[in-house]
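Encoded as structure tokens, the structure appears first; notes follow it.
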Amino acid sequence: MTDITASIAAYWDAAASSFDDEPDHGLRAASTRAAWARLVRRWMPSEPVDVLDIGSGTGSMSLLLAESGHRVTGVDLAPRMVDRARAKFAAAGLAGRFLVGDAMEPPTGEERFGAVLCRHLVWTLPDPEAALRDWVGRLRPGGRLVLIEGRWREADRNGDMPYVTGAETLPWNGGIGAENLAAMVRPLVRGELHIEPLGAEPDLWGGPVADERYALVFDTWAEALESDGDVRAGD
């Protein structure tokens with residue numbers, strides 16, 4: 001673990017106790033929870049699949065996935081975040097697997113998933129392009145990649161708590177715009193791309209926001225057809 005990765009882990013470990021106080025983290029308000037649940041149902045496959053939730057935090061998004069019938073594996077660098085996610089699932093009586101591990105290389109071995117979801121994480125990564133390549137490689141043919149991201153000021157994301165020393169060296173510190181992120185992912189995934197703006201939906205955030213927030217959804221349908229031998233010349 002590099003020095004900055006260790007610092008990032010310590011930062012989010014310390015933030016675990018208050019993480020759910022943010023409306024879009026804890027999803028405690030009925031309107032916020034309902035807004036995210038609606039999006040999860042739309043983004044995920046209609047049939048239950050194995051979902052890898054990278055940077056799962058305290059498990060709020062994982063819980064919505066499990067409630068929709070999906071089989072969830074959450075990965076987070078901060079042990080206290082993982083503890084809270086496990087407790088949240090236990091309280092809800094739902095099954096879920098949560099692992100302490102680096103988002104750059106989630107500790108799930110050779111497993112493949114029907115969907116990979118990541119929310120508000122890429123800006124914290126020392127090498128986000130390498131991480132994206134790794135995540136795409138964990139998808140089954142025809143799998144879905146969902147990246148919920150934005151371009152924001154550091155103060156907006158971290159309140160009065162300064163972020164780790166060295167954050168200014170992170171490639172995407174402060175977030176990344178939708179078109180720039182799409183340009184990074186397109187060479188990695190053959191399939192359909194959809195960008196969904198989210199900044200104009202105050203229920204998602206507990207109030208109005210002025211910065212860029214969006215979801216980027218890739219369906220790797222072309223890879224699925226080729227793997228099944230269904231793509232023919234002239235199709």
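Residue numbering restarts at 1 for every chain of the structure tokens, chains are lettered A, B, ... in their displayed order, and ligands are numbered from 1 as they appear.
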Going by DSSP on the backbone, which bits of region 6-132 of chain A are strand (DSSP E)? Write them as a list of chain:residue names, please.
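So the strand (DSSP E) residues in region 6-132 of chain A would be A:Asp50, A:Val51, A:Leu52, A:Asp53, A:Ile54, A:Arg71, A:Val72, A:Thr73, A:Gly74, A:Val75, A:Asp76, A:Arg97, A:Phe98, A:Leu99, A:Val100, A:Phe113, A:Gly114, A:Ala115, A:Val116, A:Leu117, A:Cys118, A:Arg119.
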Give me the residues near Trp12 (chain A) as a PyMOL selection string, where near means some atom within 10 Å (using only C-alpha atoms) and where sequence neighbours in that chain fewer than 6 positions away do not count.
chain A and resi 19+57+76-81+163-164
Give me the residues near Glu149 (chain A) as a ChimeraX atom specification, where near means some atom within 10 Å (using only C-alpha atoms) and where sequence neighbours in that chain fewer than 2 positions away do not count.
/A:118-123,146-147,151-152,175-178,181,197-198,212-216
Take the residues just selected and output them with N, CA, C and O atoms as a compact mmCIF listing (two decimals), in the first residue's frame.
```txt
# COMPACT_ATOMS: atom_id res chain seq x y z
N CYS A 118 -19.95 1.82 -9.19
CA CYS A 118 -19.02 2.62 -8.40
C CYS A 118 -19.59 4.03 -8.29
O CYS A 118 -19.97 4.63 -9.29
N ARG A 119 -19.67 4.53 -7.07
CA ARG A 119 -20.24 5.87 -6.86
C ARG A 119 -19.24 6.76 -6.13
O ARG A 119 -18.77 6.44 -5.05
N HIS A 120 -18.92 7.89 -6.77
CA HIS A 120 -18.13 8.96 -6.14
C HIS A 120 -16.79 8.46 -5.60
O HIS A 120 -16.43 8.75 -4.47
N LEU A 121 -16.08 7.73 -6.43
CA LEU A 121 -14.82 7.15 -5.99
C LEU A 121 -13.63 7.51 -6.86
O LEU A 121 -12.52 7.66 -6.35
N VAL A 122 -13.82 7.63 -8.17
CA VAL A 122 -12.66 7.70 -9.06
C VAL A 122 -11.75 8.89 -8.75
O VAL A 122 -10.55 8.83 -9.01
N TRP A 123 -12.30 9.94 -8.17
CA TRP A 123 -11.46 11.11 -7.87
C TRP A 123 -10.44 10.82 -6.77
O TRP A 123 -9.45 11.56 -6.63
N VAL A 146 -21.71 0.78 -14.22
CA VAL A 146 -22.40 2.00 -13.82
C VAL A 146 -21.44 2.83 -12.97
O VAL A 146 -21.01 2.41 -11.90
N LEU A 147 -21.13 4.03 -13.47
CA LEU A 147 -20.25 4.96 -12.75
C LEU A 147 -21.06 6.20 -12.41
O LEU A 147 -21.55 6.90 -13.31
N ARG A 151 -18.16 16.40 -11.12
CA ARG A 151 -17.05 17.36 -11.09
C ARG A 151 -17.43 18.40 -10.05
O ARG A 151 -18.34 19.19 -10.24
N TRP A 152 -16.75 18.36 -8.88
CA TRP A 152 -17.14 19.21 -7.76
C TRP A 152 -15.92 19.84 -7.10
O TRP A 152 -14.79 19.40 -7.31
N GLY A 175 -12.93 15.45 -8.98
CA GLY A 175 -13.92 14.84 -9.86
C GLY A 175 -13.51 14.93 -11.32
O GLY A 175 -12.47 15.48 -11.69
N ILE A 176 -14.37 14.39 -12.18
CA ILE A 176 -14.14 14.39 -13.62
C ILE A 176 -15.47 14.58 -14.33
O ILE A 176 -16.49 14.04 -13.89
N GLY A 177 -15.47 15.36 -15.40
CA GLY A 177 -16.69 15.60 -16.16
C GLY A 177 -17.15 14.39 -16.93
O GLY A 177 -16.36 13.48 -17.24
N ALA A 178 -18.42 14.36 -17.28
CA ALA A 178 -19.01 13.19 -17.92
C ALA A 178 -18.35 12.86 -19.25
O ALA A 178 -18.05 11.70 -19.53
N LEU A 181 -14.83 11.39 -18.72
CA LEU A 181 -14.86 10.03 -18.21
C LEU A 181 -15.31 9.06 -19.31
O LEU A 181 -14.74 7.97 -19.46
N PRO A 197 -27.61 12.93 -16.72
CA PRO A 197 -27.35 14.03 -15.77
C PRO A 197 -28.19 13.85 -14.51
O PRO A 197 -29.36 13.47 -14.58
N LEU A 198 -27.58 14.12 -13.37
CA LEU A 198 -28.27 13.94 -12.08
C LEU A 198 -28.31 15.22 -11.25
O LEU A 198 -28.93 15.23 -10.19
N GLU A 212 -21.56 19.58 -11.41
CA GLU A 212 -21.90 18.53 -12.36
C GLU A 212 -21.97 17.17 -11.67
O GLU A 212 -21.01 16.74 -11.04
N ARG A 213 -23.10 16.50 -11.81
CA ARG A 213 -23.28 15.15 -11.27
C ARG A 213 -24.04 14.33 -12.31
O ARG A 213 -24.97 14.84 -12.94
N TYR A 214 -23.63 13.08 -12.45
CA TYR A 214 -24.17 12.30 -13.55
C TYR A 214 -23.93 10.82 -13.29
O TYR A 214 -23.15 10.43 -12.40
N ALA A 215 -24.60 10.00 -14.08
CA ALA A 215 -24.31 8.56 -14.13
C ALA A 215 -23.91 8.21 -15.56
O ALA A 215 -24.49 8.71 -16.52
N LEU A 216 -22.91 7.37 -15.65
CA LEU A 216 -22.45 6.86 -16.94
C LEU A 216 -22.69 5.36 -16.93
O LEU A 216 -22.19 4.65 -16.05
```
Please identify all polymer residues within 10 Å of Thr5 (chain A), counting only C-alpha atoms, omitting same-chain residues fewer than 5 positions from it, and present them as a list in words.
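These residues fall inside the cut-off: Ala10, Tyr11, Leu77, Asp102, Thr124, Leu125, Pro126 and Val164 of chain A.
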If you run DSSP on the backbone here, which positions in region 58-213 of chain A get helix (DSSP H, G or I)? Please write them as number ranges by chain.
A: 60-67, 79-92, 122-124, 128-137, 154-158, 167-169, 178-188, 202-205
Residue neighbourhood Gly206 (chain A), 7 Å, only C-alpha atoms, exclusion window fewer than 5 positions, as a PyMOL selection string
chain A and resi 23-24+32
Mind giving me the straight-line distance from CA of Gly150 (chain A) to CA of Gly207 (chain A) in Å, one decimal?
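Value for the CA of Gly150 (chain A)-CA of Gly207 (chain A) distance: 16.0 Å.
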Return the single residue from A:Leu188, A:Ala92, A:Val49, A:Ala115 that is closest to Asp134 (chain A), with distances computed using only C-alpha atoms.
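Selected residue with least distance to Asp134 (chain A): A:Leu188.
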